[in-house]
Amino acid sequence: MTFGCVFPGQGSQSVGMLAALAAAPGADAAIRETFAEASVVLGYDLRQVVAQGPAERLDSTECTQPAMLAAAIATWRVWRGNGGAEPAVVCGHSLGEFSALVAAGALDFAAAIELVRFRGRVMQEAVPEGTGAMAAILGLEESQVTAACREAAQGEVVEAVNFNAPGQVVIAGARTAVERAIEGTKARGAKRAVALPVSVPAHSSLMEPASRRLGERLAAVDFKPPRIRFVSAVDAQPHADPEDLRQLLVRQLSSPVRWSETVRALAAGGAGTLVECGPGKVLTALSRRIDRALGALALEDADSLAAALAAVKA
């Protein structure tokens, strides 16, 4: 069966993540080795933070991003170590694009860990603490959400930044403008419009200073053409040229995540199943909402790993 692997982004982290997957054959060793490699780069025991918390430290952007990258690559290694086939395509949601590029052989794992730690730091520094916000809007068309953002801006920034699934859009920008947009979407009939517990307005134009700083850092990083077809959620298109990949990761930070469009592109390209490599099953749930005919599987524990291995061999 033709299938793809998708890699989650920030927000899927939790204290104790990957504990259930560690019971799968060979998984504990792969997870420990992956986190040990990351810890050497970071200078602290990342596995301990993930296993024991505190949650406040794990949820800090500068820690979350390396933790999610390490968790995704550990899951990928567990998949491959248990005989999981190489997918036809890889893709990631936001931060998950770094994981996808590591899996595809385009980016060295240790270099990626250092990059995402820096990415988290510059994102936090781009906007003064307490002045940025994000919110999830459920039950409206994309055009209705973008219209509400235009009305709510009033000289500030508020934008639709994650087109996650039909009826699920995330907005981001200045806190006061996001609050106005929440009210505007409710007035348009949103089923829910809720502020998210983050202060960094990721993928909005407020991240442009962070994009520039990340671009300077990326200029010194070695990229290779991906061994596996890589499709970006920035534009739902394949990318292979190393310089193109570098520029894509710069653009990505201040551009919307077009997940609905990307999943449809993966399906149109022949992927009948998507296997989520990383903690949680956020992307699995989104994929099922985007295309009900698409198989979507998360690697959460020994049983779900065995089910996914059997499904892609069918």
# chains A, B, ... in the order shown; residues from 1 in each chain; ligands from 1

$ residues_around --residues "range 149-154 of chain A" --least-positions-apart "6" --cutoff "10 Å" --atoms "only C-alpha atoms" --output "ChimeraX atom specification"
/A:143,160,171-174,176-185

$ residues_around --residues "Glu56 in chain A" --least-positions-apart "5" --cutoff "12 Å" --atoms "only C-alpha atoms" --output "NGL selection string"
:A and (13-15 or 49-50 or 61-64 or 197-198)

$ residues_around --residues "Met17 in chain A" --least-positions-apart "5" --cutoff "9 Å" --atoms "only C-alpha atoms" --output "PyMOL selection string"
chain A and resi 50-51+71+279-280

$ closest_residue --among "A:Leu21, A:Thr2, A:Ala70, A:Gly11" --to "Asp303 in chain A" --atoms "only C-alpha atoms"
A:Leu21

$ residues_around --residues "Cys5 in chain A" --least-positions-apart "4" --cutoff "7 Å" --atoms "only C-alpha atoms" --output "CSV table (one decimal) with C-alpha atoms, in the first residue's frame"
chain,number,residue,atom,x,y,z
A,87,PRO,CA,6.9,5.8,3.0
A,89,VAL,CA,6.1,10.8,1.1
A,90,VAL,CA,6.7,12.7,4.3
A,91,CYS,CA,5.1,15.9,5.6
A,274,LEU,CA,-1.1,8.4,6.6
A,275,VAL,CA,1.0,7.2,9.6
A,276,GLU,CA,1.5,9.7,12.3
A,277,CYS,CA,5.1,9.6,13.7

$ residues_around --residues "Leu253 in chain A" --least-positions-apart "5" --cutoff "10 Å" --atoms "only C-alpha atoms" --output "mmCIF file with all heavy atoms, in the first residue's frame"
data_model
loop_
_atom_site.group_PDB
_atom_site.id
_atom_site.type_symbol
_atom_site.label_atom_id
_atom_site.label_comp_id
_atom_site.auth_asym_id
_atom_site.auth_seq_id
_atom_site.Cartn_x
_atom_site.Cartn_y
_atom_site.Cartn_z
ATOM 1 N N SER A 94 3.856 22.389 10.754
ATOM 2 C CA SER A 94 4.651 23.432 11.419
ATOM 3 C C SER A 94 6.024 22.881 11.805
ATOM 4 O O SER A 94 6.806 22.479 10.948
ATOM 5 C CB SER A 94 3.878 23.976 12.628
ATOM 6 O OG SER A 94 4.564 25.047 13.225
ATOM 7 N N LEU A 95 6.332 22.858 13.099
ATOM 8 C CA LEU A 95 7.595 22.303 13.583
ATOM 9 C C LEU A 95 7.861 20.917 13.021
ATOM 10 O O LEU A 95 9.012 20.527 12.795
ATOM 11 C CB LEU A 95 7.557 22.255 15.115
ATOM 12 C CG LEU A 95 8.676 21.499 15.824
ATOM 13 C CD1 LEU A 95 9.981 22.255 15.701
ATOM 14 C CD2 LEU A 95 8.313 21.264 17.280
ATOM 15 N N ARG A 119 15.016 28.274 17.008
ATOM 16 C CA ARG A 119 13.729 28.707 16.465
ATOM 17 C C ARG A 119 12.759 29.068 17.599
ATOM 18 O O ARG A 119 12.080 30.097 17.559
ATOM 19 C CB ARG A 119 13.155 27.587 15.595
ATOM 20 C CG ARG A 119 11.805 27.869 14.924
ATOM 21 C CD ARG A 119 11.424 26.637 14.107
ATOM 22 N NE ARG A 119 10.198 26.788 13.327
ATOM 23 C CZ ARG A 119 8.993 26.448 13.765
ATOM 24 N NH1 ARG A 119 8.837 25.963 14.991
ATOM 25 N NH2 ARG A 119 7.931 26.589 12.980
ATOM 26 N N MET A 123 11.342 32.901 18.305
ATOM 27 C CA MET A 123 9.896 33.089 18.279
ATOM 28 C C MET A 123 9.428 33.798 19.549
ATOM 29 O O MET A 123 8.619 34.725 19.501
ATOM 30 C CB MET A 123 9.183 31.738 18.138
ATOM 31 C CG MET A 123 9.291 31.119 16.761
ATOM 32 S SD MET A 123 8.611 29.428 16.673
ATOM 33 C CE MET A 123 6.847 29.774 16.864
ATOM 34 N N ALA A 202 2.398 32.165 16.513
ATOM 35 C CA ALA A 202 3.122 31.432 15.477
ATOM 36 C C ALA A 202 2.432 31.544 14.124
ATOM 37 O O ALA A 202 1.207 31.590 14.037
ATOM 38 C CB ALA A 202 3.239 29.964 15.875
ATOM 39 N N HIS A 203 3.258 31.615 13.084
ATOM 40 C CA HIS A 203 2.825 31.638 11.678
ATOM 41 C C HIS A 203 2.092 32.917 11.278
ATOM 42 O O HIS A 203 1.563 32.997 10.181
ATOM 43 C CB HIS A 203 1.993 30.397 11.343
ATOM 44 C CG HIS A 203 2.760 29.131 11.549
ATOM 45 N ND1 HIS A 203 3.805 28.753 10.738
ATOM 46 C CD2 HIS A 203 2.671 28.183 12.520
ATOM 47 C CE1 HIS A 203 4.309 27.624 11.186
ATOM 48 N NE2 HIS A 203 3.652 27.262 12.263
ATOM 49 N N SER A 204 2.088 33.908 12.149
ATOM 50 C CA SER A 204 1.547 35.218 11.764
ATOM 51 C C SER A 204 2.695 36.099 11.282
ATOM 52 O O SER A 204 3.878 35.780 11.463
ATOM 53 C CB SER A 204 0.846 35.876 12.957
ATOM 54 O OG SER A 204 1.797 36.371 13.889
ATOM 55 N N SER A 205 2.347 37.247 10.704
ATOM 56 C CA SER A 205 3.373 38.165 10.205
ATOM 57 C C SER A 205 4.191 38.769 11.350
ATOM 58 O O SER A 205 5.271 39.325 11.108
ATOM 59 C CB SER A 205 2.734 39.268 9.368
ATOM 60 O OG SER A 205 1.742 39.952 10.105
ATOM 61 N N LEU A 206 3.728 38.644 12.590
ATOM 62 C CA LEU A 206 4.515 39.107 13.735
ATOM 63 C C LEU A 206 5.789 38.277 13.921
ATOM 64 O O LEU A 206 6.684 38.679 14.665
ATOM 65 C CB LEU A 206 3.674 39.055 15.019
ATOM 66 C CG LEU A 206 2.497 40.037 15.089
ATOM 67 C CD1 LEU A 206 1.698 39.818 16.372
ATOM 68 C CD2 LEU A 206 2.991 41.489 15.026
ATOM 69 N N MET A 207 5.856 37.135 13.263
ATOM 70 C CA MET A 207 7.032 36.270 13.357
ATOM 71 C C MET A 207 8.115 36.618 12.330
ATOM 72 O O MET A 207 9.139 35.935 12.250
ATOM 73 C CB MET A 207 6.617 34.808 13.177
ATOM 74 C CG MET A 207 5.844 34.221 14.351
ATOM 75 S SD MET A 207 6.849 34.021 15.849
ATOM 76 C CE MET A 207 6.309 35.436 16.813
ATOM 77 N N GLU A 208 7.903 37.673 11.521
ATOM 78 C CA GLU A 208 8.894 38.004 10.497
ATOM 79 C C GLU A 208 10.279 38.307 11.067
ATOM 80 O O GLU A 208 11.292 37.883 10.489
ATOM 81 C CB GLU A 208 8.373 39.144 9.629
ATOM 82 C CG GLU A 208 7.257 38.685 8.688
ATOM 83 C CD GLU A 208 6.636 39.813 7.886
ATOM 84 O OE1 GLU A 208 7.111 40.949 8.018
ATOM 85 O OE2 GLU A 208 5.680 39.546 7.130
ATOM 86 N N PRO A 209 10.404 39.011 12.206
ATOM 87 C CA PRO A 209 11.746 39.191 12.779
ATOM 88 C C PRO A 209 12.403 37.859 13.146
ATOM 89 O O PRO A 209 13.603 37.675 12.946
ATOM 90 C CB PRO A 209 11.493 40.048 14.025
ATOM 91 C CG PRO A 209 10.206 40.751 13.747
ATOM 92 C CD PRO A 209 9.386 39.780 12.956
ATOM 93 N N ALA A 210 11.617 36.924 13.658
ATOM 94 C CA ALA A 210 12.141 35.596 13.984
ATOM 95 C C ALA A 210 12.546 34.853 12.716
ATOM 96 O O ALA A 210 13.569 34.151 12.692
ATOM 97 C CB ALA A 210 11.093 34.801 14.761
ATOM 98 N N SER A 211 11.773 35.008 11.637
ATOM 99 C CA SER A 211 12.105 34.379 10.358
ATOM 100 C C SER A 211 13.463 34.848 9.855
ATOM 101 O O SER A 211 14.277 34.048 9.373
ATOM 102 C CB SER A 211 11.039 34.707 9.307
ATOM 103 O OG SER A 211 9.828 34.085 9.591
ATOM 104 N N ARG A 212 13.711 36.152 9.964
ATOM 105 C CA ARG A 212 14.995 36.698 9.483
ATOM 106 C C ARG A 212 16.154 36.118 10.288
ATOM 107 O O ARG A 212 17.192 35.738 9.720
ATOM 108 C CB ARG A 212 14.981 38.226 9.564
ATOM 109 C CG ARG A 212 14.073 38.876 8.523
ATOM 110 C CD ARG A 212 14.314 40.367 8.441
ATOM 111 N NE ARG A 212 13.899 41.065 9.658
ATOM 112 C CZ ARG A 212 12.670 41.533 9.870
ATOM 113 N NH1 ARG A 212 11.736 41.370 8.947
ATOM 114 N NH2 ARG A 212 12.368 42.171 10.979
ATOM 115 N N LEU A 214 16.172 33.293 11.962
ATOM 116 C CA LEU A 214 16.293 31.874 11.643
ATOM 117 C C LEU A 214 16.984 31.697 10.292
ATOM 118 O O LEU A 214 17.812 30.797 10.116
ATOM 119 C CB LEU A 214 14.919 31.217 11.618
ATOM 120 C CG LEU A 214 14.890 29.711 11.320
ATOM 121 C CD1 LEU A 214 15.641 28.925 12.389
ATOM 122 C CD2 LEU A 214 13.445 29.206 11.210
ATOM 123 N N VAL A 234 3.421 24.552 3.810
ATOM 124 C CA VAL A 234 3.398 25.982 3.493
ATOM 125 C C VAL A 234 2.594 26.209 2.214
ATOM 126 O O VAL A 234 1.811 27.165 2.110
ATOM 127 C CB VAL A 234 4.827 26.542 3.336
ATOM 128 C CG1 VAL A 234 4.804 27.976 2.810
ATOM 129 C CG2 VAL A 234 5.570 26.493 4.667
ATOM 130 N N LEU A 248 12.322 27.664 2.485
ATOM 131 C CA LEU A 248 10.993 27.228 2.908
ATOM 132 C C LEU A 248 10.853 27.317 4.428
ATOM 133 O O LEU A 248 9.826 27.768 4.950
ATOM 134 C CB LEU A 248 10.775 25.785 2.449
ATOM 135 C CG LEU A 248 9.408 25.184 2.747
ATOM 136 C CD1 LEU A 248 8.382 25.721 1.769
ATOM 137 C CD2 LEU A 248 9.482 23.669 2.668
#

$ residues_around --residues "Ser304 in chain A" --least-positions-apart "4" --cutoff "12 Å" --atoms "only C-alpha atoms" --output "count of residues only"
19

$ select_by_dssp --residues "range 91-144 of chain A" --states "helix (DSSP H, G or I)" --output "list in words"
Gly96, Glu97, Phe98, Ser99, Ala100, Leu101, Val102, Ala103, Phe109, Ala110, Ala111, Ala112, Ile113, Glu114, Leu115, Val116, Arg117, Phe118, Arg119, Gly120, Arg121, Val122, Met123, Gln124, Glu125, Ala126, Glu142, Ser143 and Gln144 of chain A

$ decode --residues "range 135-183 of chain A" --atoms "C-alpha atoms" --output "PDB file, in the first residue's frame"
ATOM      1  CA  ALA A 135      -7.205  31.042  19.290  1.00  0.00           C
ATOM      2  CA  ALA A 136      -9.001  28.068  17.742  1.00  0.00           C
ATOM      3  CA  ILE A 137     -12.155  28.790  15.762  1.00  0.00           C
ATOM      4  CA  LEU A 138     -14.507  25.869  15.174  1.00  0.00           C
ATOM      5  CA  GLY A 139     -17.527  25.648  12.925  1.00  0.00           C
ATOM      6  CA  LEU A 140     -16.920  28.444  10.420  1.00  0.00           C
ATOM      7  CA  GLU A 141     -15.786  28.529   6.803  1.00  0.00           C
ATOM      8  CA  GLU A 142     -12.228  29.747   6.207  1.00  0.00           C
ATOM      9  CA  SER A 143     -13.546  32.847   4.422  1.00  0.00           C
ATOM     10  CA  GLN A 144     -15.671  33.768   7.436  1.00  0.00           C
ATOM     11  CA  VAL A 145     -12.692  33.508   9.766  1.00  0.00           C
ATOM     12  CA  THR A 146     -10.462  35.632   7.542  1.00  0.00           C
ATOM     13  CA  ALA A 147     -13.248  38.243   7.246  1.00  0.00           C
ATOM     14  CA  ALA A 148     -13.589  38.373  11.033  1.00  0.00           C
ATOM     15  CA  CYS A 149      -9.816  38.879  11.325  1.00  0.00           C
ATOM     16  CA  ARG A 150      -9.873  41.765   8.826  1.00  0.00           C
ATOM     17  CA  GLU A 151     -12.618  43.500  10.794  1.00  0.00           C
ATOM     18  CA  ALA A 152     -10.923  42.893  14.148  1.00  0.00           C
ATOM     19  CA  ALA A 153      -7.448  44.103  13.151  1.00  0.00           C
ATOM     20  CA  GLN A 154      -8.052  47.850  13.624  1.00  0.00           C
ATOM     21  CA  GLY A 155      -4.409  48.618  12.892  1.00  0.00           C
ATOM     22  CA  GLU A 156      -3.074  45.550  14.727  1.00  0.00           C
ATOM     23  CA  VAL A 157      -2.196  42.094  13.459  1.00  0.00           C
ATOM     24  CA  VAL A 158      -4.654  39.186  13.626  1.00  0.00           C
ATOM     25  CA  GLU A 159      -4.562  36.511  10.930  1.00  0.00           C
ATOM     26  CA  ALA A 160      -5.738  33.003  10.126  1.00  0.00           C
ATOM     27  CA  VAL A 161      -2.586  30.930  10.544  1.00  0.00           C
ATOM     28  CA  ASN A 162      -3.555  27.246  10.652  1.00  0.00           C
ATOM     29  CA  PHE A 163      -6.087  25.849   8.191  1.00  0.00           C
ATOM     30  CA  ASN A 164      -6.225  22.528  10.004  1.00  0.00           C
ATOM     31  CA  ALA A 165      -9.434  20.879   8.760  1.00  0.00           C
ATOM     32  CA  PRO A 166     -12.866  21.856   7.486  1.00  0.00           C
ATOM     33  CA  GLY A 167     -14.400  24.008  10.187  1.00  0.00           C
ATOM     34  CA  GLN A 168     -11.181  24.256  12.215  1.00  0.00           C
ATOM     35  CA  VAL A 169      -8.998  27.335  11.800  1.00  0.00           C
ATOM     36  CA  VAL A 170      -6.467  28.819  14.221  1.00  0.00           C
ATOM     37  CA  ILE A 171      -5.897  32.572  14.352  1.00  0.00           C
ATOM     38  CA  ALA A 172      -2.933  34.469  15.804  1.00  0.00           C
ATOM     39  CA  GLY A 173      -1.677  37.984  16.344  1.00  0.00           C
ATOM     40  CA  ALA A 174      -1.747  40.769  18.900  1.00  0.00           C
ATOM     41  CA  ARG A 175      -3.674  39.691  22.005  1.00  0.00           C
ATOM     42  CA  THR A 176      -6.221  42.516  21.875  1.00  0.00           C
ATOM     43  CA  ALA A 177      -6.900  41.955  18.169  1.00  0.00           C
ATOM     44  CA  VAL A 178      -7.287  38.192  18.710  1.00  0.00           C
ATOM     45  CA  GLU A 179      -9.815  38.905  21.471  1.00  0.00           C
ATOM     46  CA  ARG A 180     -11.800  41.113  19.076  1.00  0.00           C
ATOM     47  CA  ALA A 181     -11.634  38.418  16.396  1.00  0.00           C
ATOM     48  CA  ILE A 182     -12.933  35.810  18.838  1.00  0.00           C
ATOM     49  CA  GLU A 183     -16.006  37.961  19.413  1.00  0.00           C
TER      50      GLU A 183
END
